[in-house]
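S.K.: Structure below; questions to follow.
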Amino acid sequence: MRSGYSHEPWREGKEVVQIPSFAADADETEIHDALGEMGCVVVNDLLASTKRDDIVAELHQAMQSTKVIQDDDPKEFYPGRTRRVSALLSRSDTITDTLVVDPITQGVCEKFLLPNGEFGYQIHVTAALEVGPGAREQTLHREEDSFTFFPLPRPNLIVASMWAITDFRADNGATLLVPGSHLWTGEREAEPNEIVQAEMTAGSVLFWMGGLLHGAGANTSRDWRYGVILTYSVGWVRQEENQYLDVPQERLAILSHEVKKIAGFDMYRGLGFYDPSVS
C-alpha cells in the first residue's frame, strides 16, 4: 500500500512531496502508476538480510581495494570519501542471480522500456556504492544525460534501481530526488523544497525514471551508506557500462540465458551480431 502519497503537490508548490512507498507484495499496477507519475518509488523489504550479507561478502575484496579519495574536488561528478565498484555481473553471484532478474524490476522494465524498445531491454550500469562520512552532496543529474540528441522531457530510455544494503537515512547520504522532474523541460530547475531524500530500510529498493533529477546525499553521520545501483536501458542504445569487457568469456559461459539477454549479449534486431568462431 502507499505511504504518504498525495496527488502531484510538486506541481502545486504547496508542500514537499513524499516518495511513494509500497510493500513488497503490493499490486504492481499501483507501483507502475506511481513511478510513471512521480518518477520514483520505494518498495520495502524486498531483499533478505542473508542475501545482503552475501553481497557484502562477495564484493568485500573489490570494495576494500578501491581507493577512497579524501581530498574532495567539488567540481568532480563523483564526490570524494566514497567507494564505487562496477562489473558486478562478474563479481557477485547474488546480484546476478537475484537482483538482476528480480520480478518487480523486470515488470518495471517491461512497463517503461518495452514501448520504446520492443525487442528488449538491457543492463545499463552495475555499481556498488559506499558513501562515507563527510561526503558532500552529488550534483543533481539524470541517468539519460548521455542522450542529448533527445530534448527534455525525453522518451523513456532508462529506468534505475538502488538496492539498500544498509539503511538509507537523511544523515548518511540517502539519495536525493526531485519527484516529477522526469516530465520537465530543460529550462525548469529544481527549487530547494522540491528535493527530497529516499530514506529506506536495508533490503528495500528505490526505483526512479532515467529522466528524473537525482544525486547522492551528503553523509553527515559516522556510518558508511551502502547501496547497489542497477540501471536498465532500451536495447538499441549504447550501454554506459561496457559489459562485453566487464564480463569475461569464462564468466559468460556460466551465466543463465536470461541474465545474458538482460546483460545485452543477445542481438537487438540487427544490432550486436558477432562471429562465434573467434570468441
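If you're wondering about the labels, chains in the C-alpha cells are A, B, ... by order shown, residues count from 1 in each chain, ligands from 1 in order shown.
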Go through stretch 95-151 of chain A and flag each residue having an atom no more than 8 Å from stretch 201-217 of chain A; for those, report the closest pair of atoms plus their distance in Å to one decimal, using only C-alpha atoms, ordered by chain and rising number, as CSV.
M.R.:
```
residue,atom,partner,partner_atom,distance
A:Arg136,CA,A:Gly217,CA,7.0
A:Glu137,CA,A:Gly217,CA,4.6
A:Gln138,CA,A:Ala216,CA,5.1
A:Thr139,CA,A:Gly215,CA,6.0
A:Leu140,CA,A:His214,CA,4.9
A:His141,CA,A:Leu213,CA,5.0
A:Arg142,CA,A:Leu213,CA,5.0
A:Glu143,CA,A:Gly210,CA,4.7
A:Glu144,CA,A:Gly210,CA,5.3
A:Asp145,CA,A:Gly211,CA,8.0
```
S.K.: For the selection just defined, write its residues with C-alpha atoms to a file, as a compact mmCIF listing (two decimals), in the first residue's frame.
M.R.:
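Output saved as again_22.txt:
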```txt
# COMPACT_ATOMS: atom_id res chain seq x y z
CA ARG A 136 29.25 16.02 0.02
CA GLU A 137 26.03 16.08 -1.94
CA GLN A 138 26.32 14.97 -5.54
CA THR A 139 25.24 17.35 -8.28
CA LEU A 140 21.70 16.62 -9.42
CA HIS A 141 21.67 14.84 -12.77
CA ARG A 142 19.65 12.48 -14.96
CA GLU A 143 20.59 8.93 -15.92
CA GLU A 144 19.69 9.81 -19.50
CA ASP A 145 22.06 12.80 -19.73
```
S.K.: Using backbone DSSP assignments, extract all alpha helix (DSSP H) residues from stretch 42-234 of chain A; output them as a count of residues only.
M.R.: 32
S.K.: List every residue of stretch 111-202 of chain A that DSSP, applied to the backbone of this structure, assigns to strand (DSSP E or B), and report them as a list of chain:residue names.
M.R.: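 Restricting stretch 111-202 of chain A to strand (DSSP E or B) produces A:Tyr121, A:Gln122, A:Ile123, A:His124, A:Val125, A:Thr126, A:Ala127, A:Ala128, A:Leu129, A:Glu130, A:Val131, A:His141, A:Ile158, A:Val159, A:Ala160, A:Ser161, A:Met162, A:Trp163, A:Ala164, A:Phe168, A:Asn172, A:Leu176, A:Leu177, A:Val196, A:Gln197, A:Met200.
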S.K.: Near A:Ser90, within 10 Å and counting only C-alpha atoms, which residues show up once chain neighbours fewer than 5 positions away are dropped, as a PyMOL selection string?
M.R.: chain A and resi 95-96+243+246-248+250-252+255
S.K.: My list of candidates is A:Pro103, A:Gly227, A:Pro115, A:Val17. Which is closest to A:Asn193 when distances are computed with only C-alpha atoms?
M.R.: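 Once distances to A:Asn193 are computed over only C-alpha atoms, the minimum belongs to A:Val17.
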S.K.: Mind checking which residues fall within 12 Å of A:Thr166, counting only C-alpha atoms, ignoring those fewer than 2 positions away in the same chain, and posting them as an MDAnalysis selection string?
M.R.: chainID A and resid 45 47:49 52:53 55:56 128:131 162:164 168:169 172:174 199:205 223:228
S.K.: Write the residues of the preceding selection, restricted to N, CA, C and O atoms, as a short mmCIF file (atom, residue, chain, number, x, y, z; two decimals), in the first residue's frame.
M.R.:
```
data_model
loop_
_atom_site.label_atom_id
_atom_site.label_comp_id
_atom_site.auth_asym_id
_atom_site.auth_seq_id
_atom_site.Cartn_x
_atom_site.Cartn_y
_atom_site.Cartn_z
N ASP A 45 11.46 -3.95 1.94
CA ASP A 45 11.70 -5.32 2.42
C ASP A 45 11.69 -6.35 1.29
O ASP A 45 11.06 -7.39 1.39
N LEU A 47 14.73 -7.53 -0.17
CA LEU A 47 15.96 -8.32 -0.16
C LEU A 47 16.29 -8.76 1.26
O LEU A 47 16.53 -7.93 2.14
N ALA A 48 16.30 -10.07 1.48
CA ALA A 48 16.53 -10.62 2.82
C ALA A 48 17.93 -10.29 3.33
O ALA A 48 18.87 -10.09 2.54
N SER A 49 18.06 -10.27 4.65
CA SER A 49 19.36 -9.93 5.26
C SER A 49 20.45 -10.93 4.87
O SER A 49 21.62 -10.54 4.72
N ARG A 52 21.75 -9.84 1.56
CA ARG A 52 22.58 -8.64 1.71
C ARG A 52 23.96 -8.99 2.24
O ARG A 52 24.97 -8.47 1.77
N ASP A 53 23.99 -9.92 3.20
CA ASP A 53 25.28 -10.36 3.73
C ASP A 53 26.11 -11.04 2.65
O ASP A 53 27.35 -10.87 2.59
N ILE A 55 26.03 -10.43 -0.57
CA ILE A 55 26.53 -9.40 -1.48
C ILE A 55 27.75 -8.70 -0.87
O ILE A 55 28.77 -8.49 -1.54
N VAL A 56 27.66 -8.35 0.40
CA VAL A 56 28.78 -7.69 1.07
C VAL A 56 30.02 -8.59 1.04
O VAL A 56 31.13 -8.13 0.76
N ALA A 128 28.34 -0.93 -7.08
CA ALA A 128 28.14 -0.91 -5.64
C ALA A 128 28.76 0.39 -5.12
O ALA A 128 29.87 0.76 -5.51
N LEU A 129 28.04 1.08 -4.25
CA LEU A 129 28.44 2.40 -3.78
C LEU A 129 28.43 2.45 -2.26
O LEU A 129 27.43 2.09 -1.64
N GLU A 130 29.51 2.92 -1.69
CA GLU A 130 29.55 3.22 -0.26
C GLU A 130 29.84 4.71 -0.11
O GLU A 130 30.89 5.19 -0.56
N VAL A 131 28.91 5.41 0.49
CA VAL A 131 29.08 6.84 0.76
C VAL A 131 29.57 6.99 2.18
O VAL A 131 28.90 6.60 3.13
N MET A 162 18.08 1.35 -6.97
CA MET A 162 19.10 1.38 -5.93
C MET A 162 18.65 0.46 -4.79
O MET A 162 17.62 0.71 -4.15
N TRP A 163 19.41 -0.60 -4.58
CA TRP A 163 19.11 -1.57 -3.53
C TRP A 163 19.84 -1.16 -2.25
O TRP A 163 21.07 -0.98 -2.26
N ALA A 164 19.11 -1.02 -1.16
CA ALA A 164 19.69 -0.60 0.11
C ALA A 164 20.30 -1.81 0.82
O ALA A 164 19.58 -2.69 1.31
N PHE A 168 19.20 3.56 4.50
CA PHE A 168 19.41 4.86 3.87
C PHE A 168 18.69 5.89 4.73
O PHE A 168 17.47 5.89 4.83
N ARG A 169 19.47 6.80 5.34
CA ARG A 169 18.91 7.83 6.20
C ARG A 169 19.28 9.21 5.65
O ARG A 169 20.23 9.35 4.87
N ASN A 172 22.96 9.97 6.48
CA ASN A 172 24.08 9.18 5.95
C ASN A 172 24.11 9.15 4.42
O ASN A 172 24.79 8.32 3.83
N GLY A 173 23.37 10.05 3.79
CA GLY A 173 23.51 10.20 2.34
C GLY A 173 22.43 9.55 1.51
O GLY A 173 22.67 9.20 0.35
N ALA A 174 21.23 9.38 2.05
CA ALA A 174 20.13 8.83 1.26
C ALA A 174 19.97 9.63 -0.03
O ALA A 174 20.15 10.84 -0.07
N GLU A 199 14.72 7.98 2.06
CA GLU A 199 15.05 7.21 3.26
C GLU A 199 14.34 5.85 3.17
O GLU A 199 13.15 5.79 2.87
N MET A 200 15.08 4.78 3.43
CA MET A 200 14.51 3.44 3.36
C MET A 200 15.37 2.49 4.18
O MET A 200 16.55 2.73 4.40
N THR A 201 14.74 1.43 4.63
CA THR A 201 15.44 0.44 5.45
C THR A 201 16.24 -0.51 4.56
O THR A 201 15.94 -0.70 3.38
N ALA A 202 17.25 -1.13 5.14
CA ALA A 202 18.05 -2.12 4.43
C ALA A 202 17.14 -3.21 3.88
O ALA A 202 16.21 -3.67 4.56
N GLY A 203 17.39 -3.60 2.64
CA GLY A 203 16.55 -4.60 1.98
C GLY A 203 15.50 -4.01 1.08
O GLY A 203 14.86 -4.73 0.31
N SER A 204 15.32 -2.69 1.15
CA SER A 204 14.36 -2.00 0.27
C SER A 204 15.05 -1.62 -1.03
O SER A 204 16.28 -1.62 -1.14
N VAL A 205 14.24 -1.24 -2.02
CA VAL A 205 14.79 -0.82 -3.31
C VAL A 205 14.07 0.44 -3.78
O VAL A 205 12.85 0.56 -3.64
N ASP A 223 28.54 6.75 9.73
CA ASP A 223 28.31 5.46 9.08
C ASP A 223 28.64 5.54 7.59
O ASP A 223 28.56 6.60 6.98
N TRP A 224 28.99 4.38 7.03
CA TRP A 224 29.09 4.24 5.59
C TRP A 224 27.74 3.75 5.06
O TRP A 224 27.20 2.77 5.56
N ARG A 225 27.20 4.46 4.06
CA ARG A 225 25.92 4.08 3.45
C ARG A 225 26.19 3.24 2.22
O ARG A 225 26.87 3.66 1.30
N TYR A 226 25.65 2.02 2.18
CA TYR A 226 26.00 1.02 1.17
C TYR A 226 24.77 0.72 0.31
O TYR A 226 23.71 0.34 0.81
N GLY A 227 24.92 0.87 -0.99
CA GLY A 227 23.84 0.55 -1.91
C GLY A 227 24.37 -0.07 -3.19
O GLY A 227 25.55 0.07 -3.52
N VAL A 228 23.51 -0.77 -3.89
CA VAL A 228 23.83 -1.36 -5.20
C VAL A 228 22.90 -0.74 -6.23
O VAL A 228 21.68 -0.85 -6.11
#
```
S.K.: Give me, as a PyMOL selection string, all polymer residues having an atom no more than 7 Å from A:Asn156, counting only C-alpha atoms and skipping those fewer than 6 positions away in the same chain.
M.R.: chain A and resi 112-113+116+210
S.K.: Write a file of the just-selected residues containing N, CA and C atoms, as a PDB file, in the first residue's frame.
M.R.:
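The resulting part_37.pdb:
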```
ATOM      1  N   PHE A 112       8.017   0.324 -18.798  1.00  0.00           N
ATOM      2  CA  PHE A 112       8.500   1.631 -19.223  1.00  0.00           C
ATOM      3  C   PHE A 112       9.508   1.592 -20.366  1.00  0.00           C
ATOM      4  N   LEU A 113      10.176   0.460 -20.592  1.00  0.00           N
ATOM      5  CA  LEU A 113      11.191   0.412 -21.642  1.00  0.00           C
ATOM      6  C   LEU A 113      10.716  -0.272 -22.915  1.00  0.00           C
ATOM      7  N   ASN A 116       9.374   1.672 -25.996  1.00  0.00           N
ATOM      8  CA  ASN A 116      10.367   2.373 -26.824  1.00  0.00           C
ATOM      9  C   ASN A 116      11.488   1.444 -27.303  1.00  0.00           C
ATOM     10  N   GLY A 210      14.722   7.333 -15.712  1.00  0.00           N
ATOM     11  CA  GLY A 210      16.006   7.847 -16.170  1.00  0.00           C
ATOM     12  C   GLY A 210      16.040   9.338 -16.389  1.00  0.00           C
TER      13      GLY A 210
END
```
S.K.: Pick out the closest residue to A:Leu230 from this set: A:Asn44, A:Gln106, A:Ser277, A:Gln197. Count only C-alpha atoms.
M.R.: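 Distance minimum relative to A:Leu230 lands on A:Gln106.
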